[in-house]
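Undergrad: First, the structure itself, so that you have it in front of you.
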2 protein chains.
Amino acid sequence: MTRASSRRPGPPTRTERGIPEATVARLPVYLRALTGLSDSGIATASSEDLATAAGVNSAKLRKDLSYLGSYGTRGVGYDVEYLRYQIAREIGVTQDWAVVIVGIGNLGHALANYSGFGTRGFRIVALLDADPNLIGERIGDMEVRDFAELEDIVKADRVSIGVITTPAGPAQEVCDRLVAAGVTSILNFAPVVLSVPDGVDIRKVDLSIELQILAYHEQRKSGEAGLPEVPELPAMNGLTDLPSVGGGVGA
Amino acid sequence: MTRASSRRPGPPTRTERGIPEATVARLPVYLRALTGLSDSGIATASSEDLATAAGVNSAKLRKDLSYLGSYGTRGVGYDVEYLRYQIAREIGVTQDWAVVIVGIGNLGHALANYSGFGTRGFRIVALLDADPNLIGERIGDMEVRDFAELEDIVKADRVSIGVITTPAGPAQEVCDRLVAAGVTSILNFAPVVLSVPDGVDIRKVDLSIELQILAYHEQRKSGEAGLPEVPELPAMNGLTDLPSVGGGVGA
DNA sequence: CCGATTTTGTTCTCACGTTCACAAGCTCCT
DNA sequence: AGGAGCTTGTGAACGTGAGAACAAAATCGG
Ligand SMILES: NC(=O)c1ccc[n+]([C@@H]2O[C@H](COP(=O)([O-])OP(=O)(O)OC[C@H]3O[C@@H](n4cnc5c(N)ncnc54)[C@H](O)[C@@H]3O)[C@@H](O)[C@H]2O)c1
Ligand SMILES: NC(=O)c1ccc[n+]([C@@H]2O[C@H](COP(=O)([O-])OP(=O)(O)OC[C@H]3O[C@@H](n4cnc5c(N)ncnc54)[C@H](O)[C@@H]3O)[C@@H](O)[C@H]2O)c1
């Protein structure tokens, strides 16, 4: 998202090891599919098999894998364990990443209780909150700690990833603190656009947005041929008559 | 995702009302930005203002809005309330959509407790689970009901959107039940690739994948110039010697 | 009423992503 | 050993998305 892209204009320089962002987003899916095959005792899989398991088409899968190198065998397919290791290494989940979660409310609790992270390359090292009533509460084998301890924890555990599950209001402030403390990757659940300096990656998960995208398609399904072309707007008051109150945002 | 796209090859037929998927995904962001401006008492905003609030650049924002129609005023900007209504109408959130949540564990509880959906065009009409111990539990003003009641609820409340927060194992089965009951849009939190018939839209939210994408970039930051080009693979056993166990997946 | 100023809506170009199609390479069978 | 049969890896075609740039439209001051 916020990566400084220094790509030269020439033909796609492959040796430069720049994997397309769209491919990066699918590698974890392949990794999971491979784990599934591995658990089923399958040792070799063709691109077709893998593609089915990952829910993509096989051409895309082959092209994606080709960015990592030539790890398959023509006429045979891919060795599941070997490919799994290669993808894990490329993503960087062969060793664990330390993660802090900030904001231990509804969502923070759910995340803290979730066991799926540990098995996928992540280790939650601290649950932080600003609410004194929460501090000290035990969740699983962890304890909620004071957000003020952030800097120490980041330094002590070499934390590079932070998860924000506070309300929208304090999210930017929490984000700034995380960045100042040295966190360089942030996963944000609060429904706000966070701004971060260059070099810090941010991803957001927004359930309302997901639902609204579904709603858009849903609407088109049901109204397929029934709606009037322009569903009649309500009185368009306030466009030409109002004394333009704002004109600038926030500034 | 799974929409049957019947697009003809000619020049981009605008009257056909096909809004690019990338734009659809941003409309909810604009909607939220507009709501924020509105709450701040700002009545008019330029594309530059809006773009800043939404975290995109202004050219993209203008182009996105142009797919909906000409709702701005040159030299002035956009009327916040008016544009907000137009986007809400386009997305389809001017009236509420009924939603069921299936699997009231850690995550299901968090979602059930979340108040943000109601204010954004969605109404949770039922919390469903298969665990008898959970059925009857009250969460806010709702009660967990038996998953067996699904069909009745979908019919009674015209539910078109389902949220799956069960473990990965039963997710496909739950999905099939939802589809059979008439649900045509699904938001899936379980870490599996669900397969659905044409006409059903599916979106997934996968936290492990988000973290892994962050980890990939994180790895590239820290190892920027320090890693050996090929970090030395472990013994590549089992590629040429093993008696190809599988060769097919699941079939 | 007119020109300066502002800001939209749109066109054009380039970059990125997806899919097709096939040569290259591997295994197995005869 | 040689050919048949698969499956990978990739070049090339196609489609979609992003951003720059600008003409068209609106306001405002004089
Ligand atoms: N709960 C959901 O299902 C859900 C769904 C979608 C989005 N979200 C978003 O996720 C975020 C969290 O949701 P939630 O339901 O868990 O909220 P919550 O109110 O239950 O929890 C928020 C927590 O953050 C803590 N907090 C507040 N300010 C803080 C600060 N400055 N520093 C550290 N901690 C602070 C609070 O003490 C509280 O424990 C919200 O932004 C919400 O919009 C939640
Ligand atoms: N909790 C998290 O933070 C988190 C994070 C990432 C992903 N996930 C995924 O979200 C899903 C839910 O996670 P969770 O932590 O809430 O799990 P959980 O085990 O706490 O809850 C799952 C719930 O689903 C119910 N269930 C099981 N089978 C069912 C069926 N056939 N029909 C109806 N209900 C059924 C169970 O009774 C349980 O209440 C999982 O797939 C998990 O991998 C969770």
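In the structure tokens, chains take the letters A, B, ... in the order shown, each chain's residues start at 1, and ligands count up from 1 in the order shown.
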Using only C-alpha atoms (C1' of nucleotides) and all ligand atoms, find each residue with an atom at most 9 Å away from ligand 2 and format the answer as a ChimeraX atom specification.

TA: /A:107-117 /B:102-110,128-134,146-148,164-171,173-174,188-192,205-208

Undergrad: With C-alpha atoms kept, could you save the residues just selected as an mmCIF file, in the first residue's frame?

TA:
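Just written: selection-v5.cif:
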```cif
data_model
loop_
_atom_site.group_PDB
_atom_site.id
_atom_site.type_symbol
_atom_site.label_atom_id
_atom_site.label_comp_id
_atom_site.auth_asym_id
_atom_site.auth_seq_id
_atom_site.Cartn_x
_atom_site.Cartn_y
_atom_site.Cartn_z
ATOM 1 C CA LEU A 107 -12.907 -7.850 18.621
ATOM 2 C CA GLY A 108 -9.625 -7.776 20.511
ATOM 3 C CA HIS A 109 -10.890 -10.540 22.786
ATOM 4 C CA ALA A 110 -11.860 -12.666 19.802
ATOM 5 C CA LEU A 111 -8.460 -12.235 18.243
ATOM 6 C CA ALA A 112 -6.695 -12.935 21.515
ATOM 7 C CA ASN A 113 -8.634 -16.170 21.874
ATOM 8 C CA TYR A 114 -7.916 -17.255 18.356
ATOM 9 C CA SER A 115 -5.438 -20.058 18.043
ATOM 10 C CA GLY A 116 -5.022 -19.839 14.289
ATOM 11 C CA PHE A 117 -2.256 -17.253 14.311
ATOM 12 C CA VAL B 102 -23.915 -18.484 11.754
ATOM 13 C CA GLY B 103 -21.449 -19.687 14.394
ATOM 14 C CA ILE B 104 -21.625 -17.686 17.580
ATOM 15 C CA GLY B 105 -18.183 -18.375 19.004
ATOM 16 C CA ASN B 106 -15.457 -15.820 19.678
ATOM 17 C CA LEU B 107 -15.891 -13.977 16.448
ATOM 18 C CA GLY B 108 -19.649 -14.391 16.195
ATOM 19 C CA HIS B 109 -20.029 -12.858 19.644
ATOM 20 C CA ALA B 110 -17.924 -9.880 18.659
ATOM 21 C CA LEU B 128 -27.499 -19.127 14.743
ATOM 22 C CA ASP B 129 -25.410 -21.930 16.173
ATOM 23 C CA ALA B 130 -25.505 -25.697 16.271
ATOM 24 C CA ASP B 131 -24.248 -26.010 19.831
ATOM 25 C CA PRO B 132 -27.189 -26.735 22.213
ATOM 26 C CA ASN B 133 -25.297 -25.081 25.075
ATOM 27 C CA LEU B 134 -25.265 -21.792 23.245
ATOM 28 C CA ASP B 146 -30.840 -23.151 16.554
ATOM 29 C CA PHE B 147 -29.219 -23.399 13.152
ATOM 30 C CA ALA B 148 -32.089 -25.698 12.203
ATOM 31 C CA ILE B 164 -20.204 -17.542 8.386
ATOM 32 C CA THR B 165 -18.143 -17.566 11.576
ATOM 33 C CA THR B 166 -18.003 -21.299 12.192
ATOM 34 C CA PRO B 167 -14.762 -23.277 12.222
ATOM 35 C CA ALA B 168 -13.356 -24.234 8.826
ATOM 36 C CA GLY B 169 -14.631 -27.794 8.995
ATOM 37 C CA PRO B 170 -18.380 -27.228 8.838
ATOM 38 C CA ALA B 171 -18.135 -24.018 6.787
ATOM 39 C CA GLU B 173 -21.826 -27.438 4.768
ATOM 40 C CA VAL B 174 -23.169 -24.316 6.448
ATOM 41 C CA ASN B 188 -17.014 -15.894 5.090
ATOM 42 C CA PHE B 189 -14.549 -15.721 7.996
ATOM 43 C CA ALA B 190 -13.587 -19.373 7.991
ATOM 44 C CA PRO B 191 -10.211 -20.104 6.425
ATOM 45 C CA VAL B 192 -11.484 -22.257 3.574
ATOM 46 C CA VAL B 205 -12.185 -12.019 5.336
ATOM 47 C CA ASP B 206 -9.055 -13.808 6.366
ATOM 48 C CA LEU B 207 -6.887 -12.331 9.066
ATOM 49 C CA SER B 208 -4.052 -14.795 8.713
#
```

Undergrad: From stretch 20-201 of chain B, collect each residue whose DSSP state is strand (DSSP E) and return the set as a ChimeraX atom specification.

TA: /B:44-45,72-73,77-79,97-102,122-129,138-139,142-146,161-164,185-188,201

Undergrad: Give me, as a PDB file with all heavy atoms, in the first residue's frame, the residues of chain C touching chain A, with the criterion being at most 8 Å (counting only C-alpha atoms (C1' of nucleotides)).

TA:
```
ATOM      1  P    DG C  17      -0.451  -5.906 -10.477  1.00  0.00           P
ATOM      2  OP1  DG C  17      -0.896  -5.855  -9.081  1.00  0.00           O
ATOM      3  OP2  DG C  17       0.878  -6.465 -10.815  1.00  0.00           O
ATOM      4  O5'  DG C  17      -1.542  -6.681 -11.327  1.00  0.00           O
ATOM      5  C5'  DG C  17      -2.898  -6.288 -11.205  1.00  0.00           C
ATOM      6  C4'  DG C  17      -3.748  -7.235 -12.002  1.00  0.00           C
ATOM      7  O4'  DG C  17      -3.485  -7.039 -13.407  1.00  0.00           O
ATOM      8  C3'  DG C  17      -3.490  -8.721 -11.706  1.00  0.00           C
ATOM      9  O3'  DG C  17      -4.737  -9.351 -11.529  1.00  0.00           O
ATOM     10  C2'  DG C  17      -2.730  -9.206 -12.940  1.00  0.00           C
ATOM     11  C1'  DG C  17      -3.271  -8.285 -14.026  1.00  0.00           C
ATOM     12  N9   DG C  17      -2.379  -8.022 -15.149  1.00  0.00           N
ATOM     13  C8   DG C  17      -1.060  -7.643 -15.102  1.00  0.00           C
ATOM     14  N7   DG C  17      -0.526  -7.460 -16.288  1.00  0.00           N
ATOM     15  C5   DG C  17      -1.564  -7.735 -17.162  1.00  0.00           C
ATOM     16  C6   DG C  17      -1.595  -7.703 -18.574  1.00  0.00           C
ATOM     17  O6   DG C  17      -0.692  -7.423 -19.356  1.00  0.00           O
ATOM     18  N1   DG C  17      -2.855  -8.055 -19.071  1.00  0.00           N
ATOM     19  C2   DG C  17      -3.939  -8.379 -18.297  1.00  0.00           C
ATOM     20  N2   DG C  17      -5.063  -8.684 -18.930  1.00  0.00           N
ATOM     21  N3   DG C  17      -3.925  -8.403 -16.976  1.00  0.00           N
ATOM     22  C4   DG C  17      -2.708  -8.077 -16.475  1.00  0.00           C
ATOM     23  P    DT C  18      -4.829 -10.917 -11.256  1.00  0.00           P
ATOM     24  OP1  DT C  18      -5.788 -11.051 -10.145  1.00  0.00           O
ATOM     25  OP2  DT C  18      -3.476 -11.458 -11.131  1.00  0.00           O
ATOM     26  O5'  DT C  18      -5.504 -11.525 -12.565  1.00  0.00           O
ATOM     27  C5'  DT C  18      -6.458 -10.754 -13.278  1.00  0.00           C
ATOM     28  C4'  DT C  18      -6.839 -11.452 -14.565  1.00  0.00           C
ATOM     29  O4'  DT C  18      -5.894 -11.099 -15.599  1.00  0.00           O
ATOM     30  C3'  DT C  18      -6.848 -12.982 -14.500  1.00  0.00           C
ATOM     31  O3'  DT C  18      -8.047 -13.420 -15.112  1.00  0.00           O
ATOM     32  C2'  DT C  18      -5.594 -13.379 -15.282  1.00  0.00           C
ATOM     33  C1'  DT C  18      -5.479 -12.246 -16.297  1.00  0.00           C
ATOM     34  N1   DT C  18      -4.114 -11.933 -16.812  1.00  0.00           N
ATOM     35  C2   DT C  18      -3.937 -11.780 -18.169  1.00  0.00           C
ATOM     36  O2   DT C  18      -4.836 -11.907 -18.975  1.00  0.00           O
ATOM     37  N3   DT C  18      -2.651 -11.470 -18.543  1.00  0.00           N
ATOM     38  C4   DT C  18      -1.561 -11.292 -17.727  1.00  0.00           C
ATOM     39  O4   DT C  18      -0.465 -11.012 -18.177  1.00  0.00           O
ATOM     40  C5   DT C  18      -1.819 -11.464 -16.310  1.00  0.00           C
ATOM     41  C7   DT C  18      -0.710 -11.296 -15.328  1.00  0.00           C
ATOM     42  C6   DT C  18      -3.072 -11.772 -15.927  1.00  0.00           C
ATOM     43  P    DT C  19      -8.518 -14.950 -15.022  1.00  0.00           P
ATOM     44  OP1  DT C  19      -9.981 -14.971 -14.852  1.00  0.00           O
ATOM     45  OP2  DT C  19      -7.640 -15.649 -14.071  1.00  0.00           O
ATOM     46  O5'  DT C  19      -8.201 -15.475 -16.492  1.00  0.00           O
ATOM     47  C5'  DT C  19      -8.740 -14.775 -17.593  1.00  0.00           C
ATOM     48  C4'  DT C  19      -8.089 -15.264 -18.872  1.00  0.00           C
ATOM     49  O4'  DT C  19      -6.743 -14.746 -18.968  1.00  0.00           O
ATOM     50  C3'  DT C  19      -7.978 -16.794 -18.979  1.00  0.00           C
ATOM     51  O3'  DT C  19      -8.705 -17.195 -20.124  1.00  0.00           O
ATOM     52  C2'  DT C  19      -6.472 -17.051 -19.074  1.00  0.00           C
ATOM     53  C1'  DT C  19      -5.952 -15.720 -19.610  1.00  0.00           C
ATOM     54  N1   DT C  19      -4.540 -15.394 -19.270  1.00  0.00           N
ATOM     55  C2   DT C  19      -3.689 -14.950 -20.259  1.00  0.00           C
ATOM     56  O2   DT C  19      -4.025 -14.815 -21.418  1.00  0.00           O
ATOM     57  N3   DT C  19      -2.412 -14.666 -19.835  1.00  0.00           N
ATOM     58  C4   DT C  19      -1.914 -14.792 -18.545  1.00  0.00           C
ATOM     59  O4   DT C  19      -0.748 -14.508 -18.293  1.00  0.00           O
ATOM     60  C5   DT C  19      -2.854 -15.264 -17.562  1.00  0.00           C
ATOM     61  C7   DT C  19      -2.419 -15.433 -16.158  1.00  0.00           C
ATOM     62  C6   DT C  19      -4.107 -15.542 -17.968  1.00  0.00           C
ATOM     63  P    DG C  25      14.129 -27.441 -22.461  1.00  0.00           P
ATOM     64  OP1  DG C  25      15.077 -26.645 -21.656  1.00  0.00           O
ATOM     65  OP2  DG C  25      14.569 -28.173 -23.671  1.00  0.00           O
ATOM     66  O5'  DG C  25      13.413 -28.480 -21.496  1.00  0.00           O
ATOM     67  C5'  DG C  25      12.835 -28.013 -20.296  1.00  0.00           C
ATOM     68  C4'  DG C  25      12.156 -29.156 -19.577  1.00  0.00           C
ATOM     69  O4'  DG C  25      10.997 -29.570 -20.333  1.00  0.00           O
ATOM     70  C3'  DG C  25      13.026 -30.415 -19.410  1.00  0.00           C
ATOM     71  O3'  DG C  25      12.879 -30.848 -18.082  1.00  0.00           O
ATOM     72  C2'  DG C  25      12.418 -31.396 -20.403  1.00  0.00           C
ATOM     73  C1'  DG C  25      10.971 -30.976 -20.371  1.00  0.00           C
ATOM     74  N9   DG C  25      10.141 -31.332 -21.522  1.00  0.00           N
ATOM     75  C8   DG C  25      10.447 -31.194 -22.848  1.00  0.00           C
ATOM     76  N7   DG C  25       9.486 -31.596 -23.651  1.00  0.00           N
ATOM     77  C5   DG C  25       8.488 -32.026 -22.798  1.00  0.00           C
ATOM     78  C6   DG C  25       7.205 -32.575 -23.090  1.00  0.00           C
ATOM     79  O6   DG C  25       6.690 -32.792 -24.171  1.00  0.00           O
ATOM     80  N1   DG C  25       6.515 -32.883 -21.917  1.00  0.00           N
ATOM     81  C2   DG C  25       6.999 -32.680 -20.637  1.00  0.00           C
ATOM     82  N2   DG C  25       6.202 -33.035 -19.639  1.00  0.00           N
ATOM     83  N3   DG C  25       8.195 -32.164 -20.353  1.00  0.00           N
ATOM     84  C4   DG C  25       8.877 -31.866 -21.478  1.00  0.00           C
ATOM     85  P    DC C  26      14.004 -31.748 -17.407  1.00  0.00           P
ATOM     86  OP1  DC C  26      14.537 -31.002 -16.262  1.00  0.00           O
ATOM     87  OP2  DC C  26      14.910 -32.259 -18.456  1.00  0.00           O
ATOM     88  O5'  DC C  26      13.155 -32.971 -16.863  1.00  0.00           O
ATOM     89  C5'  DC C  26      12.093 -32.722 -15.947  1.00  0.00           C
ATOM     90  C4'  DC C  26      11.067 -33.826 -16.060  1.00  0.00           C
ATOM     91  O4'  DC C  26      10.387 -33.719 -17.327  1.00  0.00           O
ATOM     92  C3'  DC C  26      11.647 -35.229 -16.026  1.00  0.00           C
ATOM     93  O3'  DC C  26      11.359 -35.823 -14.759  1.00  0.00           O
ATOM     94  C2'  DC C  26      10.963 -35.971 -17.161  1.00  0.00           C
ATOM     95  C1'  DC C  26       9.909 -35.004 -17.653  1.00  0.00           C
ATOM     96  N1   DC C  26       9.720 -35.068 -19.125  1.00  0.00           N
ATOM     97  C2   DC C  26       8.522 -35.562 -19.633  1.00  0.00           C
ATOM     98  O2   DC C  26       7.644 -35.926 -18.849  1.00  0.00           O
ATOM     99  N3   DC C  26       8.345 -35.638 -20.976  1.00  0.00           N
ATOM    100  C4   DC C  26       9.334 -35.235 -21.791  1.00  0.00           C
ATOM    101  N4   DC C  26       9.111 -35.312 -23.106  1.00  0.00           N
ATOM    102  C5   DC C  26      10.559 -34.726 -21.290  1.00  0.00           C
ATOM    103  C6   DC C  26      10.716 -34.651 -19.962  1.00  0.00           C
ATOM    104  P    DT C  27      11.768 -37.382 -14.480  1.00  0.00           P
ATOM    105  OP1  DT C  27      11.868 -37.532 -13.019  1.00  0.00           O
ATOM    106  OP2  DT C  27      12.917 -37.712 -15.354  1.00  0.00           O
ATOM    107  O5'  DT C  27      10.502 -38.197 -14.989  1.00  0.00           O
ATOM    108  C5'  DT C  27       9.205 -37.846 -14.520  1.00  0.00           C
ATOM    109  C4'  DT C  27       8.203 -38.890 -14.977  1.00  0.00           C
ATOM    110  O4'  DT C  27       7.951 -38.731 -16.404  1.00  0.00           O
ATOM    111  C3'  DT C  27       8.646 -40.336 -14.780  1.00  0.00           C
ATOM    112  O3'  DT C  27       7.542 -41.078 -14.286  1.00  0.00           O
ATOM    113  C2'  DT C  27       9.067 -40.776 -16.169  1.00  0.00           C
ATOM    114  C1'  DT C  27       8.148 -39.948 -17.062  1.00  0.00           C
ATOM    115  N1   DT C  27       8.704 -39.600 -18.401  1.00  0.00           N
ATOM    116  C2   DT C  27       7.916 -39.748 -19.518  1.00  0.00           C
ATOM    117  O2   DT C  27       6.789 -40.177 -19.479  1.00  0.00           O
ATOM    118  N3   DT C  27       8.518 -39.376 -20.693  1.00  0.00           N
ATOM    119  C4   DT C  27       9.801 -38.874 -20.860  1.00  0.00           C
ATOM    120  O4   DT C  27      10.223 -38.571 -21.958  1.00  0.00           O
ATOM    121  C5   DT C  27      10.569 -38.739 -19.650  1.00  0.00           C
ATOM    122  C7   DT C  27      11.966 -38.204 -19.713  1.00  0.00           C
ATOM    123  C6   DT C  27       9.999 -39.101 -18.483  1.00  0.00           C
TER     124       DT C  27
END
```

Undergrad: Identify all chain D residues at most 12 Å from chain A by counting only C-alpha atoms (C1' of nucleotides); ligands do not count. Present them as a list in words.

TA: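 Here is what falls inside 12 Å: DG5, DC6, DT7, DT8, DG9, DT10, DG11, DA26 and DT27 of chain D.
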
Undergrad: Taking into account only C-alpha atoms, which residue in the set B:Leu150, B:Ile161, B:Ile124, B:Leu61 is nearest to chain A?

TA: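 Ranking B:Leu150, B:Ile161, B:Ile124, B:Leu61 by distance to chain A, first place goes to B:Ile161.
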
Undergrad: Please, which residues of stretch 54-127 of chain A, numbered as in this document, come out alpha helix (DSSP H) from DSSP, as JSON, numbers by chain?

TA: {"A": [54, 58, 59, 60, 61, 62, 63, 64, 65, 66, 80, 81, 82, 83, 84, 85, 86, 87, 88, 89, 90, 91, 106, 107, 108, 109, 110, 111, 112, 113]}

Undergrad: Using only C-alpha atoms, which of A:Asp49, A:Ser40, A:Ala156, A:Gly118 sits nearest chain B?

TA: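 Smallest distance to chain B is found for A:Asp49.
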
Undergrad: Excluding same-chain residues fewer than 6 positions from B:Leu68, what lies within 9 Å of it counting only C-alpha atoms (C1' of nucleotides), as a ChimeraX atom specification?

TA: /B:17,19,86-87,90

Undergrad: Can you write out the residues you just picked, keeping N, CA and C atoms, as a compact mmCIF listing (two decimals), in the first residue's frame?

TA:
```txt
# COMPACT_ATOMS: atom_id res chain seq x y z
N ARG B 17 -24.81 0.74 -17.21
CA ARG B 17 -24.74 0.84 -15.76
C ARG B 17 -23.83 -0.19 -15.11
N ILE B 19 -20.71 -0.63 -13.17
CA ILE B 19 -19.69 0.09 -12.43
C ILE B 19 -18.52 -0.87 -12.18
N GLN B 86 -26.82 9.79 -2.94
CA GLN B 86 -26.67 9.14 -4.23
C GLN B 86 -25.81 7.88 -4.13
N ILE B 87 -24.74 7.97 -3.36
CA ILE B 87 -23.89 6.79 -3.21
C ILE B 87 -24.61 5.70 -2.44
N GLU B 90 -26.93 4.02 -4.72
CA GLU B 90 -26.24 3.17 -5.69
C GLU B 90 -25.79 1.86 -5.05
```

Undergrad: Quick one: of B:Thr52, B:Thr119, B:Ser160, B:Gln212, who's nearest to ligand 1, counting only C-alpha atoms and all ligand atoms?

TA: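 Smallest separation from ligand 1 among the options: B:Thr119.
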
Undergrad: For D:DG30, find every residue with an atom within 12 Å (counting only C-alpha atoms (C1' of nucleotides)), except residues of its own chain fewer than 3 positions away, and show them as a list in words.

TA: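 Residues meeting the cut-off are DC1, DC2, DG3 and DA4 of chain C.
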
Undergrad: In Å to one decimal, how far is atom 7 (C, counted along the ligand's line) of ligand 1 from atom CA of B:Leu211?

TA: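 One can read the atom CA of B:Leu211 to atom 7 (C, counted along the ligand's line) of ligand 1 distance as 17.0 Å.
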
Undergrad: Which is closer to ligand 1 than all the others in A:Met142, A:Val159, A:Ile101, A:Val179, using only C-alpha atoms and all ligand atoms?

TA: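 Ranked by minimum distance to ligand 1, first place goes to A:Ile101.
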
Undergrad: Report, in Å to a single decimal, how far apart atom CA of B:Val80 and atom CA of B:Ile42 are.

TA: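 Separating atom CA of B:Ile42 from atom CA of B:Val80 is a distance of 7.3 Å.
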
Undergrad: B:Ile91, B:Val99, B:Val56, B:Val196: which is nearest chain A, counting only C-alpha atoms?

TA: B:Ile91

Undergrad: Of the candidates A:Asp64, A:Leu214, A:Lys204, A:Thr44, which one gets nearest to ligand 1 if we count only C-alpha atoms and all ligand atoms?

TA: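 Checking each of A:Asp64, A:Leu214, A:Lys204, A:Thr44 against ligand 1, counting only C-alpha atoms and all ligand atoms, the winner is A:Lys204.
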